[in-house]
file structure_8.cif (mmCIF, C-alpha atoms)
data_run
loop_
_atom_site.label_atom_id
_atom_site.label_comp_id
_atom_site.auth_asym_id
_atom_site.auth_seq_id
_atom_site.Cartn_x
_atom_site.Cartn_y
_atom_site.Cartn_z
CA MET A 41 55.16 11.02 48.93
CA THR A 42 58.63 11.31 47.53
CA ASN A 43 60.92 13.67 49.42
CA GLN A 44 63.33 15.76 47.39
CA ALA A 45 66.52 16.93 49.05
CA THR A 46 67.41 20.59 48.55
CA PRO A 47 70.58 20.90 50.62
CA GLN A 48 71.26 24.57 49.79
CA GLY A 49 67.69 25.82 49.38
CA LEU A 50 65.76 28.21 51.59
CA LEU A 51 65.89 27.32 55.29
CA ARG A 52 63.16 28.45 57.68
CA PHE A 53 64.08 28.18 61.35
CA ILE A 54 62.84 29.41 64.71
CA THR A 55 64.40 30.19 68.05
CA ALA A 56 62.79 28.47 71.02
CA GLY A 57 63.38 28.15 74.73
CA SER A 58 62.53 29.88 77.98
CA VAL A 59 62.24 33.61 78.61
CA ASP A 60 65.60 35.46 78.95
CA ASP A 61 67.58 32.65 77.33
CA GLY A 62 68.83 35.19 74.78
CA LYS A 63 66.89 34.30 71.62
CA SER A 64 66.52 37.84 70.30
CA THR A 65 70.13 38.68 71.12
CA LEU A 66 71.34 35.57 69.31
CA ILE A 67 69.42 36.47 66.14
CA GLY A 68 70.65 40.07 66.32
CA ARG A 69 74.24 38.88 66.66
CA LEU A 70 73.74 36.40 63.81
CA LEU A 71 72.47 39.19 61.54
CA PHE A 72 75.22 41.59 62.63
CA ASP A 73 78.14 39.19 62.23
CA SER A 74 76.87 37.91 58.88
CA LYS A 75 76.76 41.54 57.57
CA ALA A 76 72.97 41.50 57.21
CA VAL A 77 72.38 44.74 59.17
CA LEU A 78 72.12 48.02 57.26
CA SER A 79 74.02 51.13 58.39
CA ASP A 80 70.84 53.01 59.32
CA GLN A 81 69.76 50.09 61.48
CA LEU A 82 73.11 50.20 63.27
CA SER A 83 72.69 53.91 63.92
CA ALA A 84 69.22 53.31 65.33
CA LEU A 85 70.58 50.58 67.60
CA ALA A 86 73.38 52.81 68.88
CA ASN A 87 70.86 55.52 69.77
CA ALA A 88 68.16 53.22 71.19
CA ARG A 89 66.77 54.65 74.41
CA ASN A 90 65.79 51.32 75.91
CA LYS A 91 69.30 49.98 76.29
CA ARG A 92 69.73 46.76 78.21
CA THR A 93 73.49 46.46 77.85
CA ALA A 94 76.38 48.04 79.69
CA GLY A 95 78.44 50.91 78.31
CA GLU A 96 78.45 51.39 74.55
CA GLN A 97 77.76 47.76 73.74
CA ILE A 98 75.01 47.24 71.15
CA ASP A 99 71.77 45.66 72.32
CA PHE A 100 71.31 43.17 69.49
CA SER A 101 67.88 42.06 70.72
CA LEU A 102 66.42 45.35 69.45
CA LEU A 103 66.86 44.09 65.88
CA THR A 104 63.96 41.69 66.44
CA ASP A 105 62.06 43.17 69.42
CA GLY A 106 60.18 45.73 67.33
CA LEU A 107 57.17 46.38 69.58
CA GLU A 108 57.46 49.17 72.13
CA ALA A 109 56.16 46.84 74.84
CA GLU A 110 58.92 44.37 73.96
CA ARG A 111 61.61 47.02 74.26
CA GLU A 112 60.27 48.31 77.56
CA GLN A 113 59.83 44.90 79.19
CA GLY A 114 62.84 43.17 77.64
CA ILE A 115 60.78 40.21 76.45
CA THR A 116 59.56 38.96 73.07
CA ILE A 117 55.77 39.02 72.73
CA ASP A 118 54.98 38.52 69.06
CA VAL A 119 56.72 36.45 66.38
CA ALA A 120 59.31 38.55 64.53
CA TYR A 121 60.42 37.40 61.08
CA ARG A 122 63.81 38.34 59.66
CA TYR A 123 65.29 37.52 56.27
CA PHE A 124 68.95 37.25 55.41
CA SER A 125 71.25 35.30 53.15
CA THR A 126 74.82 34.14 52.88
CA ALA A 127 76.79 33.01 49.86
CA ARG A 128 75.52 29.47 50.48
CA ARG A 129 71.81 29.81 51.24
CA LYS A 130 68.85 32.01 52.14
CA PHE A 131 67.20 32.06 55.56
CA ILE A 132 63.90 33.10 57.13
CA ILE A 133 64.14 33.41 60.92
CA ALA A 134 61.15 33.43 63.26
CA ASP A 135 62.07 34.88 66.66
CA THR A 136 59.41 33.37 68.92
CA PRO A 137 58.48 34.32 72.50
CA GLY A 138 59.86 32.38 75.42
CA HIS A 139 57.26 33.43 77.98
CA GLU A 140 54.68 30.74 78.78
CA GLN A 141 51.87 33.27 78.21
CA TYR A 142 52.82 33.51 74.53
CA THR A 143 53.31 29.81 73.78
CA ARG A 144 50.64 30.06 71.06
CA ASN A 145 52.87 32.53 69.19
CA MET A 146 55.73 30.04 69.33
CA VAL A 147 53.46 27.41 67.74
CA THR A 148 52.62 29.88 64.97
CA GLY A 149 56.28 30.49 64.19
CA ALA A 150 57.19 26.80 64.32
CA SER A 151 54.36 25.67 62.06
CA THR A 152 56.23 26.64 58.87
CA ALA A 153 59.81 26.00 60.03
CA HIS A 154 62.27 23.33 58.94
CA ALA A 155 64.51 23.60 62.01
CA ALA A 156 64.60 24.95 65.55
CA ILE A 157 67.38 26.52 67.57
CA VAL A 158 66.58 25.68 71.19
CA LEU A 159 68.43 28.10 73.45
CA ILE A 160 69.39 27.14 76.98
CA ASP A 161 70.80 29.70 79.41
CA ALA A 162 73.85 28.03 80.98
CA THR A 163 73.53 30.24 84.08
CA ARG A 164 69.95 29.17 84.88
CA VAL A 165 70.41 25.42 84.71
CA THR A 166 70.84 23.88 88.15
CA VAL A 167 72.70 20.64 88.70
CA GLU A 168 71.31 18.12 91.20
CA ASN A 169 73.14 14.86 91.91
CA GLY A 170 75.25 15.38 88.81
CA ARG A 171 72.24 15.92 86.51
CA ALA A 172 71.30 19.22 84.93
CA GLN A 173 67.67 20.30 85.43
CA LEU A 174 66.13 21.90 82.36
CA LEU A 175 63.44 24.57 82.67
CA ALA A 176 59.79 23.63 82.06
CA GLN A 177 59.41 26.01 79.12
CA THR A 178 62.43 24.46 77.42
CA LYS A 179 60.69 21.09 77.73
CA ARG A 180 57.37 22.49 76.50
CA HIS A 181 58.90 24.12 73.43
CA SER A 182 60.86 20.95 72.66
CA ALA A 183 57.65 18.92 72.89
CA ILE A 184 55.98 21.32 70.44
CA VAL A 185 58.96 21.01 68.09
CA ARG A 186 58.43 17.23 68.16
CA LEU A 187 54.67 17.51 67.61
CA LEU A 188 55.23 19.76 64.59
CA GLU A 189 57.87 17.30 63.34
CA LEU A 190 60.59 19.84 62.61
CA GLN A 191 63.42 18.17 60.75
CA HIS A 192 66.39 19.46 62.77
CA VAL A 193 67.12 20.76 66.28
CA ILE A 194 70.20 22.76 67.22
CA VAL A 195 70.68 23.18 70.96
CA ALA A 196 72.57 26.41 71.56
CA VAL A 197 73.89 26.57 75.13
CA ASN A 198 74.04 30.34 75.61
CA LYS A 199 75.83 32.73 77.98
CA MET A 200 78.88 30.51 78.17
CA ASP A 201 80.92 33.64 78.97
CA LEU A 202 79.09 33.88 82.31
CA VAL A 203 80.14 30.36 83.35
CA ASP A 204 83.80 30.87 82.38
CA TYR A 205 83.30 28.89 79.15
CA SER A 206 83.01 25.71 81.21
CA GLU A 207 83.19 22.53 79.17
CA GLN A 208 81.77 20.62 82.14
CA ARG A 209 78.64 22.81 82.24
CA PHE A 210 78.15 22.36 78.50
CA ASP A 211 78.51 18.57 78.82
CA GLU A 212 76.01 18.47 81.71
CA ILE A 213 73.41 20.39 79.69
CA ARG A 214 74.05 18.30 76.58
CA ALA A 215 73.51 15.10 78.58
CA ALA A 216 70.27 16.44 80.09
CA TYR A 217 68.89 17.52 76.74
CA GLY A 218 69.96 14.23 75.20
CA GLU A 219 67.68 12.43 77.66
CA LEU A 220 64.84 14.85 76.85
CA ALA A 221 65.34 14.35 73.11
CA SER A 222 65.26 10.58 73.55
CA GLN A 223 62.04 10.74 75.57
CA LEU A 224 60.33 13.02 73.04
CA GLY A 225 61.66 11.20 69.99
CA LEU A 226 63.51 14.16 68.46
CA ARG A 227 65.50 12.98 65.47
CA ASP A 228 68.44 15.14 64.41
CA VAL A 229 69.84 17.05 67.43
CA ARG A 230 73.12 19.00 67.39
CA TYR A 231 74.80 21.00 70.15
CA VAL A 232 76.88 24.18 70.13
CA PRO A 233 78.15 26.33 73.05
CA VAL A 234 77.69 30.04 72.35
CA SER A 235 77.75 33.53 73.78
CA ALA A 236 75.23 35.54 71.78
CA LEU A 237 76.31 38.81 73.41
CA ARG A 238 80.00 38.35 72.65
CA GLY A 239 79.59 36.47 69.37
CA ASP A 240 81.32 33.23 70.42
CA ASN A 241 80.52 30.39 67.97
CA ILE A 242 77.75 32.35 66.26
CA VAL A 243 79.39 33.10 62.90
CA HIS A 244 83.03 32.59 63.82
CA ALA A 245 84.67 29.89 65.95
CA SER A 246 85.40 30.93 69.52
CA GLU A 247 88.99 31.14 70.73
CA ALA A 248 87.64 31.06 74.30
CA MET A 249 86.36 27.49 73.84
CA PRO A 250 89.16 25.52 72.14
CA TRP A 251 87.65 22.32 73.56
CA TYR A 252 84.69 22.67 71.16
CA GLN A 253 85.75 21.17 67.83
CA GLY A 254 82.41 21.49 66.04
CA GLU A 255 81.09 24.09 63.61
CA PRO A 256 79.79 27.53 64.66
CA LEU A 257 76.05 28.11 64.52
CA LEU A 258 75.85 29.72 61.08
CA GLN A 259 77.80 26.92 59.44
CA LEU A 260 75.53 24.34 61.09
CA LEU A 261 72.52 26.16 59.62
CA GLU A 262 74.12 26.36 56.18
CA ASP A 263 74.80 22.61 56.17
CA LEU A 264 71.31 21.42 57.15
CA THR A 265 69.55 19.36 54.50
CA VAL A 266 65.92 20.29 53.95
CA GLU A 267 63.52 17.58 52.84
CA ASP A 268 60.83 18.97 50.58
CA SER A 269 57.59 17.20 51.56
CA ALA A 270 55.67 18.95 48.78
CA SER A 271 55.56 16.07 46.28
CA ARG A 272 55.22 16.72 42.55
CA ASP A 273 53.42 13.39 42.05
CA GLU A 274 50.12 14.19 40.31
CA THR A 275 48.29 11.43 42.18
CA ALA A 276 49.03 13.24 45.45
CA LEU A 277 47.19 16.41 44.34
CA ARG A 278 45.57 18.46 47.10
CA PHE A 279 44.09 21.78 45.95
CA PRO A 280 41.75 23.42 48.51
CA VAL A 281 39.51 26.03 46.87
CA GLN A 282 39.84 29.38 48.60
CA LEU A 283 37.81 31.56 46.26
CA VAL A 284 35.37 31.05 43.39
CA ILE A 285 35.99 33.75 40.77
CA ARG A 286 33.05 34.59 38.53
CA GLN A 287 33.13 37.30 35.89
CA ASP A 288 29.57 37.69 34.61
CA GLY A 289 27.18 34.79 34.20
CA ALA A 290 25.10 36.79 31.69
CA GLN A 291 27.92 37.02 29.16
CA ALA A 292 28.71 34.41 26.55
CA ASP A 293 32.36 34.29 27.61
CA ASP A 294 31.53 33.78 31.29
CA PHE A 295 34.68 33.17 33.35
CA ARG A 296 34.53 30.71 36.25
CA GLY A 297 37.79 30.01 38.05
CA TYR A 298 38.81 28.46 41.35
CA ALA A 299 41.66 30.13 43.22
CA GLY A 300 43.81 28.56 45.90
CA ARG A 301 47.20 27.18 46.81
CA VAL A 302 48.42 23.79 45.61
CA GLU A 303 49.22 22.01 48.89
CA ALA A 304 50.53 18.77 47.38
CA GLY A 305 51.17 17.22 44.00
CA THR A 306 50.82 18.97 40.65
CA VAL A 307 47.84 20.30 38.73
CA ARG A 308 48.17 20.49 34.93
CA ILE A 309 46.10 21.18 31.86
CA GLY A 310 44.23 18.09 30.66
CA GLN A 311 44.39 16.37 34.05
CA ARG A 312 41.25 14.67 35.37
CA VAL A 313 40.45 15.82 38.90
CA ARG A 314 37.77 14.90 41.39
CA VAL A 315 35.96 17.65 43.28
CA LEU A 316 35.13 16.73 46.85
CA PRO A 317 32.77 16.45 48.66
CA ALA A 318 30.52 16.54 45.55
CA ASN A 319 32.59 13.61 44.16
CA ARG A 320 32.30 14.90 40.59
CA GLU A 321 35.06 14.57 38.01
CA ALA A 322 36.19 17.22 35.56
CA GLU A 323 39.13 18.06 33.33
CA VAL A 324 41.49 20.97 34.00
CA ALA A 325 41.10 23.42 31.13
CA GLU A 326 43.43 26.21 32.25
CA VAL A 327 46.00 26.98 34.95
CA LEU A 328 46.52 30.69 35.64
CA THR A 329 49.43 31.95 37.74
CA PRO A 330 50.30 35.52 38.80
CA ASN A 331 52.63 35.56 35.77
CA GLY A 332 50.01 34.36 33.29
CA ALA A 333 48.83 31.03 31.92
CA ALA A 334 50.95 27.94 32.57
CA GLU A 335 50.93 24.27 31.64
CA SER A 336 51.03 23.17 35.28
CA ALA A 337 51.56 24.30 38.89
CA ALA A 338 53.34 22.44 41.66
CA ALA A 339 52.95 22.33 45.42
CA GLY A 340 53.41 25.72 47.05
CA GLU A 341 52.13 27.75 44.08
CA THR A 342 49.03 29.94 44.28
CA VAL A 343 46.96 29.64 41.10
CA THR A 344 43.51 29.86 39.57
CA VAL A 345 42.19 26.68 37.94
CA ARG A 346 39.46 26.53 35.29
CA LEU A 347 37.56 23.32 34.60
CA SER A 348 36.20 22.17 31.25
CA GLU A 349 32.86 21.14 32.80
CA ASP A 350 30.50 23.10 35.03
CA VAL A 351 30.73 21.53 38.48
CA ASP A 352 29.26 22.79 41.74
CA VAL A 353 32.34 24.09 43.56
CA SER A 354 32.46 26.24 46.70
CA ARG A 355 35.10 27.58 49.06
CA GLY A 356 36.38 24.72 51.20
CA ASP A 357 36.03 22.08 48.49
CA MET A 358 39.10 20.06 47.53
CA PHE A 359 40.47 19.03 44.13
CA VAL A 360 42.23 15.66 44.16
CA ALA A 361 43.53 13.46 41.35
CA ALA A 362 40.67 11.47 39.81
CA GLU A 363 42.57 8.19 40.15
CA SER A 364 43.53 8.69 43.81
CA GLU A 365 41.66 7.45 46.85
CA PRO A 366 40.28 10.50 48.71
CA ASN A 367 40.75 10.62 52.46
CA ALA A 368 37.38 11.96 53.62
CA ALA A 369 37.02 11.69 57.39
CA ARG A 370 34.45 12.53 60.05
CA LYS A 371 36.48 11.28 63.00
CA LEU A 372 39.99 12.49 63.82
CA GLN A 373 42.60 11.39 66.32
CA ALA A 374 44.79 14.44 66.89
CA ASP A 375 47.26 16.20 69.16
CA LEU A 376 46.18 19.62 70.42
CA CYS A 377 48.16 22.60 71.70
CA TRP A 378 45.66 24.58 73.76
CA PHE A 379 45.90 28.40 73.53
CA ASP A 380 42.88 29.75 75.36
CA ASP A 381 42.46 30.81 78.98
CA ALA A 382 39.19 28.88 79.08
CA ALA A 383 39.90 25.15 79.23
CA LEU A 384 38.56 22.67 76.70
CA ASN A 385 34.95 21.80 77.38
CA PRO A 386 33.94 18.50 75.69
CA ALA A 387 30.30 19.56 75.95
CA ARG A 388 30.89 22.59 73.72
CA LYS A 389 30.84 22.76 69.94
CA TYR A 390 33.84 24.28 68.19
CA VAL A 391 34.55 25.32 64.61
CA LEU A 392 37.35 23.31 63.04
CA LYS A 393 39.23 25.26 60.36
CA HIS A 394 41.03 22.85 58.01
CA THR A 395 42.73 24.31 54.90
CA THR A 396 39.93 26.53 53.52
CA ALA A 397 37.04 24.51 54.99
CA SER A 398 35.22 25.26 58.25
CA VAL A 399 33.10 22.59 59.94
CA PHE A 400 31.49 22.20 63.34
CA ALA A 401 33.35 19.80 65.61
CA ARG A 402 33.10 18.31 69.06
CA VAL A 403 35.95 16.87 71.13
CA SER A 404 34.44 13.49 71.94
CA ALA A 405 37.28 12.23 74.17
CA VAL A 406 40.49 13.39 75.83
CA GLU A 407 42.87 10.45 75.74
CA ARG A 408 45.86 11.88 77.60
CA VAL A 409 47.59 15.16 78.49
CA LEU A 410 51.35 15.68 78.53
CA ASP A 411 52.94 16.78 81.81
CA VAL A 412 55.86 18.94 80.59
CA HIS A 413 57.64 18.68 83.95
CA THR A 414 57.87 14.89 84.03
CA LEU A 415 57.14 14.20 80.32
CA SER A 416 54.60 11.61 81.44
CA HIS A 417 51.06 11.44 80.10
CA GLU A 418 48.09 11.95 82.41
CA THR A 419 45.07 9.81 81.60
CA GLY A 420 41.57 10.17 82.97
CA ARG A 421 41.44 13.93 82.42
CA HIS A 422 38.47 15.44 80.60
CA ASP A 423 39.86 18.93 80.00
CA ILE A 424 42.92 20.58 78.47
CA GLY A 425 44.06 23.92 79.92
CA LEU A 426 46.14 26.84 78.71
CA ASN A 427 49.45 25.72 77.12
CA ASP A 428 48.62 22.03 77.67
CA ILE A 429 49.40 19.45 74.99
CA GLY A 430 46.89 16.64 74.72
CA SER A 431 45.73 13.79 72.49
CA VAL A 432 42.03 13.84 71.67
CA GLN A 433 39.28 12.30 69.56
CA ILE A 434 37.28 14.75 67.43
CA THR A 435 33.94 14.16 65.72
CA LEU A 436 33.03 16.39 62.75
CA GLN A 437 29.59 17.44 61.59
CA LYS A 438 30.60 16.77 57.98
CA PRO A 439 33.67 15.12 56.47
CA VAL A 440 36.89 16.88 55.49
CA VAL A 441 39.50 15.67 52.99
CA CYS A 442 42.64 15.30 55.07
CA ASP A 443 45.96 13.51 55.52
CA THR A 444 48.01 12.72 58.58
CA TYR A 445 50.34 15.52 59.64
CA SER A 446 53.35 13.30 58.92
CA ALA A 447 52.19 12.74 55.34
CA ASN A 448 51.34 16.37 54.60
CA PRO A 449 51.48 19.14 57.23
CA ALA A 450 49.31 21.46 55.10
CA THR A 451 46.35 19.05 54.97
CA GLY A 452 47.13 17.38 58.30
CA ALA A 453 46.85 20.51 60.46
CA PHE A 454 43.88 22.52 61.71
CA VAL A 455 42.82 25.09 64.27
CA LEU A 456 39.83 25.08 66.62
CA ILE A 457 37.76 28.25 67.02
CA ASP A 458 35.30 28.98 69.82
CA GLU A 459 32.11 29.93 67.96
CA THR A 460 30.96 32.13 70.85
CA THR A 461 34.09 34.25 71.42
CA ASN A 462 35.62 33.71 67.94
CA HIS A 463 38.94 32.97 69.68
CA THR A 464 41.38 30.52 68.14
CA VAL A 465 41.59 28.12 71.07
CA ALA A 466 43.87 25.36 69.78
CA ALA A 467 46.12 24.16 66.98
CA GLY A 468 45.92 20.50 66.03
CA MET A 469 47.89 17.87 64.17
CA ILE A 470 46.00 14.90 62.70
CA ARG A 471 47.54 11.52 63.60
CA ALA A 472 44.78 9.23 62.31
CA TYR A 473 41.30 9.52 60.79
CA SER A 474 38.31 7.48 59.78
#

call {"tool": "encode", "arguments": {"input": "structure_8.cif", "output": "structure tokens"}}
result
Amino acid sequence: MTNQATPQGLLRFITAGSVDDGKSTLIGRLLFDSKAVLSDQLSALANARNKRTAGEQIDFSLLTDGLEAEREQGITIDVAYRYFSTARRKFIIADTPGHEQYTRNMVTGASTAHAAIVLIDATRVTVENGRAQLLAQTKRHSAIVRLLELQHVIVAVNKMDLVDYSEQRFDEIRAAYGELASQLGLRDVRYVPVSALRGDNIVHASEAMPWYQGEPLLQLLEDLTVEDSASRDETALRFPVQLVIRQDGAQADDFRGYAGRVEAGTVRIGQRVRVLPANREAEVAEVLTPNGAAESAAAGETVTVRLSEDVDVSRGDMFVAAESEPNAARKLQADLCWFDDAALNPARKYVLKHTTASVFARVSAVERVLDVHTLSHETGRHDIGLNDIGSVQITLQKPVVCDTYSANPATGAFVLIDETTNHTVAAGMIRAYS
């Protein structure tokens, strides 16, 4: 696929890190200082009854902690999305939970993000023998960021005001995270010392830290280059059918359309496509968008496609370019983030949900499980527990048309569902298939 750079396009980013690192406060301060908070919201903040700040100071975390349970406990439970823009670009923020219990919600928020802000509380990092010791949840979230292949990581060392804006403490944490990033294979990592509560280096440069010569957080976000992995190459077409639309088969002008989202490539009128798994070819007769008929539709657009020939098509089928080689696989090598309290049981059958298709699957082997404390991989294990990250082999009852996650996250990702409880037990990223 050909990546297209859109340096000032929409940027989706998440906040990650351990509980109480200040993620919600940082986002609230970012919105406030960038003038993205309405006057009625400010009034509501000033009168909030669950205040967690001293005196008349605004509790910025309330801008994202919308659930009553979040306000009462002072923790983020669900993913909160906020939208704002500056003169240079638009942003979608996902404020994700830091608590280990809600790691699955962090995965949800990160799955559509381009970048991650990893917060580290400068007051909670201990230094042993000259080396800073990062918290386990910081390591776990960083490992998930790597698995989901986010393009950029900004490490925001928070609460610098509580350590007297110490350059030494910032350098110790930067060195520790640098080692972590190297072990995990994180690519683009940048560092900024901040105080979310006081606004240091959030939107404006901090006078309290003259030793920091870099850009404040907002400017770093504005300057990030986003690589668009949604190729417009027609041969890369991936169109999973979500819904078959039928008007009335008894009428002469019977309408039969196939609705879904173009996950890769381009679909256009006159194009020859192959419908899988039936492996039948047909020509695209019409492309219908929410705004009416169009000549073509590119990756990311939701459309209805009509074919010139009658072909057996059902939900879960995939349209690909007729001249391309389809990647139909019954065996997957994948990384799993496990969400369920009940550990993985290789003897059980799960439902694998991939794009719009659902197939029965069995985890045939657990290759290794990541130890987030040491970042080493445990081999010889046969189970994966809550919040574990493991590499597995999966056997499918019938093939799915897929790509590796690196090639196309939309067709390289899946979830596992326990058919008995109907719980979503894991999210997976395909690394290889056959």

call {"tool": "closest_residue", "arguments": {"input": "structure_8.cif", "among": "A:Phe279, A:Asp458, A:Glu326, A:Leu372", "to": "Tyr390 of chain A", "atoms": "only C-alpha atoms"}}
result
A:Asp458

call {"tool": "closest_residue", "arguments": {"input": "structure_8.cif", "among": "A:Arg278, A:His417, A:Arg238, A:Arg227", "to": "Ser182 of chain A", "atoms": "all atoms listed in the file"}}
result
A:Arg227

call {"tool": "closest_residue", "arguments": {"input": "structure_8.cif", "among": "A:Pro256, A:Gly239, A:Gly340, A:Gly225", "to": "Ala183 of chain A", "atoms": "all atoms listed in the file"}}
result
A:Gly225

call {"tool": "residues_around", "arguments": {"input": "structure_8.cif", "residues": "Val229 of chain A", "least_positions_apart": "3", "cutoff": "8 Å", "atoms": "all atoms listed in the file", "output": "PDB file with C-alpha atoms, in the frame of the given file"}}
result
ATOM      1  CA  HIS A 192      66.390  19.460  62.770  1.00  0.00           C
ATOM      2  CA  VAL A 193      67.120  20.760  66.280  1.00  0.00           C
ATOM      3  CA  ILE A 194      70.200  22.760  67.220  1.00  0.00           C
ATOM      4  CA  VAL A 195      70.680  23.180  70.960  1.00  0.00           C
ATOM      5  CA  ALA A 221      65.340  14.350  73.110  1.00  0.00           C
ATOM      6  CA  LEU A 226      63.510  14.160  68.460  1.00  0.00           C
TER       7      LEU A 226
END

call {"tool": "closest_residue", "arguments": {"input": "structure_8.cif", "among": "A:Val351, A:Arg320, A:Asn427, A:Glu247", "to": "Tyr298 of chain A", "atoms": "only C-alpha atoms"}}
result
A:Val351

call {"tool": "resolve_selection", "arguments": {"input": "structure_8.cif", "expression": "the PyMOL selection byres ((chain A and resi 461-469) around 6)", "output": "PDB file with C-alpha atoms, keeping the file's coordinate frame"}}
result
ATOM      1  CA  ALA A 374      44.790  14.440  66.890  1.00  0.00           C
ATOM      2  CA  ASP A 375      47.260  16.200  69.160  1.00  0.00           C
ATOM      3  CA  LEU A 376      46.180  19.620  70.420  1.00  0.00           C
ATOM      4  CA  CYS A 377      48.160  22.600  71.700  1.00  0.00           C
ATOM      5  CA  TRP A 378      45.660  24.580  73.760  1.00  0.00           C
ATOM      6  CA  PHE A 379      45.900  28.400  73.530  1.00  0.00           C
ATOM      7  CA  ASP A 380      42.880  29.750  75.360  1.00  0.00           C
ATOM      8  CA  TYR A 445      50.340  15.520  59.640  1.00  0.00           C
ATOM      9  CA  GLY A 452      47.130  17.380  58.300  1.00  0.00           C
ATOM     10  CA  ALA A 453      46.850  20.510  60.460  1.00  0.00           C
ATOM     11  CA  PHE A 454      43.880  22.520  61.710  1.00  0.00           C
ATOM     12  CA  VAL A 455      42.820  25.090  64.270  1.00  0.00           C
ATOM     13  CA  LEU A 456      39.830  25.080  66.620  1.00  0.00           C
ATOM     14  CA  ILE A 457      37.760  28.250  67.020  1.00  0.00           C
ATOM     15  CA  ASP A 458      35.300  28.980  69.820  1.00  0.00           C
ATOM     16  CA  GLU A 459      32.110  29.930  67.960  1.00  0.00           C
ATOM     17  CA  THR A 460      30.960  32.130  70.850  1.00  0.00           C
ATOM     18  CA  ILE A 470      46.000  14.900  62.700  1.00  0.00           C
TER      19      ILE A 470
END

call {"tool": "resolve_selection", "arguments": {"input": "structure_8.cif", "expression": "the PyMOL selection byres ((chain A and resi 277) around 7)", "output": "ChimeraX atom specification"}}
result
/A:274-276,278-279,304-307,360-361

call {"tool": "write_last_selection", "arguments": {"input": "structure_8.cif", "atoms": "C-alpha atoms", "output": "PDB file, keeping the file's coordinate frame"}}
result
ATOM      1  CA  GLU A 274      50.120  14.190  40.310  1.00  0.00           C
ATOM      2  CA  THR A 275      48.290  11.430  42.180  1.00  0.00           C
ATOM      3  CA  ALA A 276      49.030  13.240  45.450  1.00  0.00           C
ATOM      4  CA  ARG A 278      45.570  18.460  47.100  1.00  0.00           C
ATOM      5  CA  PHE A 279      44.090  21.780  45.950  1.00  0.00           C
ATOM      6  CA  ALA A 304      50.530  18.770  47.380  1.00  0.00           C
ATOM      7  CA  GLY A 305      51.170  17.220  44.000  1.00  0.00           C
ATOM      8  CA  THR A 306      50.820  18.970  40.650  1.00  0.00           C
ATOM      9  CA  VAL A 307      47.840  20.300  38.730  1.00  0.00           C
ATOM     10  CA  VAL A 360      42.230  15.660  44.160  1.00  0.00           C
ATOM     11  CA  ALA A 361      43.530  13.460  41.350  1.00  0.00           C
TER      12      ALA A 361
END

call {"tool": "resolve_selection", "arguments": {"input": "structure_8.cif", "expression": "the PyMOL selection byres ((chain A and resi 174) around 10)", "output": "number ranges by chain"}}
result
A: 58, 160-162, 164-167, 171-173, 175-179, 213, 216-217, 220, 413

call {"tool": "atom_distance", "arguments": {"input": "structure_8.cif", "atom1": "atom CA of Asp240 of chain A", "atom2": "atom CA of Leu264 of chain A"}}
result
20.4 Å

call {"tool": "residues_around", "arguments": {"input": "structure_8.cif", "residues": "Val409 of chain A", "least_positions_apart": "6", "cutoff": "6 Å", "atoms": "all atoms listed in the file", "output": "list of chain:residue names"}}
result
A:His417, A:Glu418, A:Ile429, A:Gly430

call {"tool": "closest_residue", "arguments": {"input": "structure_8.cif", "among": "A:Gln311, A:Arg286, A:Val59, A:Leu70", "to": "Glu363 of chain A", "atoms": "all atoms listed in the file"}}
result
A:Gln311

call {"tool": "residues_around", "arguments": {"input": "structure_8.cif", "residues": "His154 of chain A", "least_positions_apart": "2", "cutoff": "7 Å", "atoms": "only C-alpha atoms", "output": "mmCIF file with C-alpha atoms, in the coordinates of the input"}}
result
data_model
loop_
_atom_site.group_PDB
_atom_site.id
_atom_site.type_symbol
_atom_site.label_atom_id
_atom_site.label_comp_id
_atom_site.auth_asym_id
_atom_site.auth_seq_id
_atom_site.Cartn_x
_atom_site.Cartn_y
_atom_site.Cartn_z
ATOM 1 C CA LEU A 51 65.890 27.320 55.290
ATOM 2 C CA ARG A 52 63.160 28.450 57.680
ATOM 3 C CA PHE A 53 64.080 28.180 61.350
ATOM 4 C CA THR A 152 56.230 26.640 58.870
ATOM 5 C CA LEU A 190 60.590 19.840 62.610
ATOM 6 C CA GLN A 191 63.420 18.170 60.750
ATOM 7 C CA HIS A 192 66.390 19.460 62.770
ATOM 8 C CA VAL A 266 65.920 20.290 53.950
#
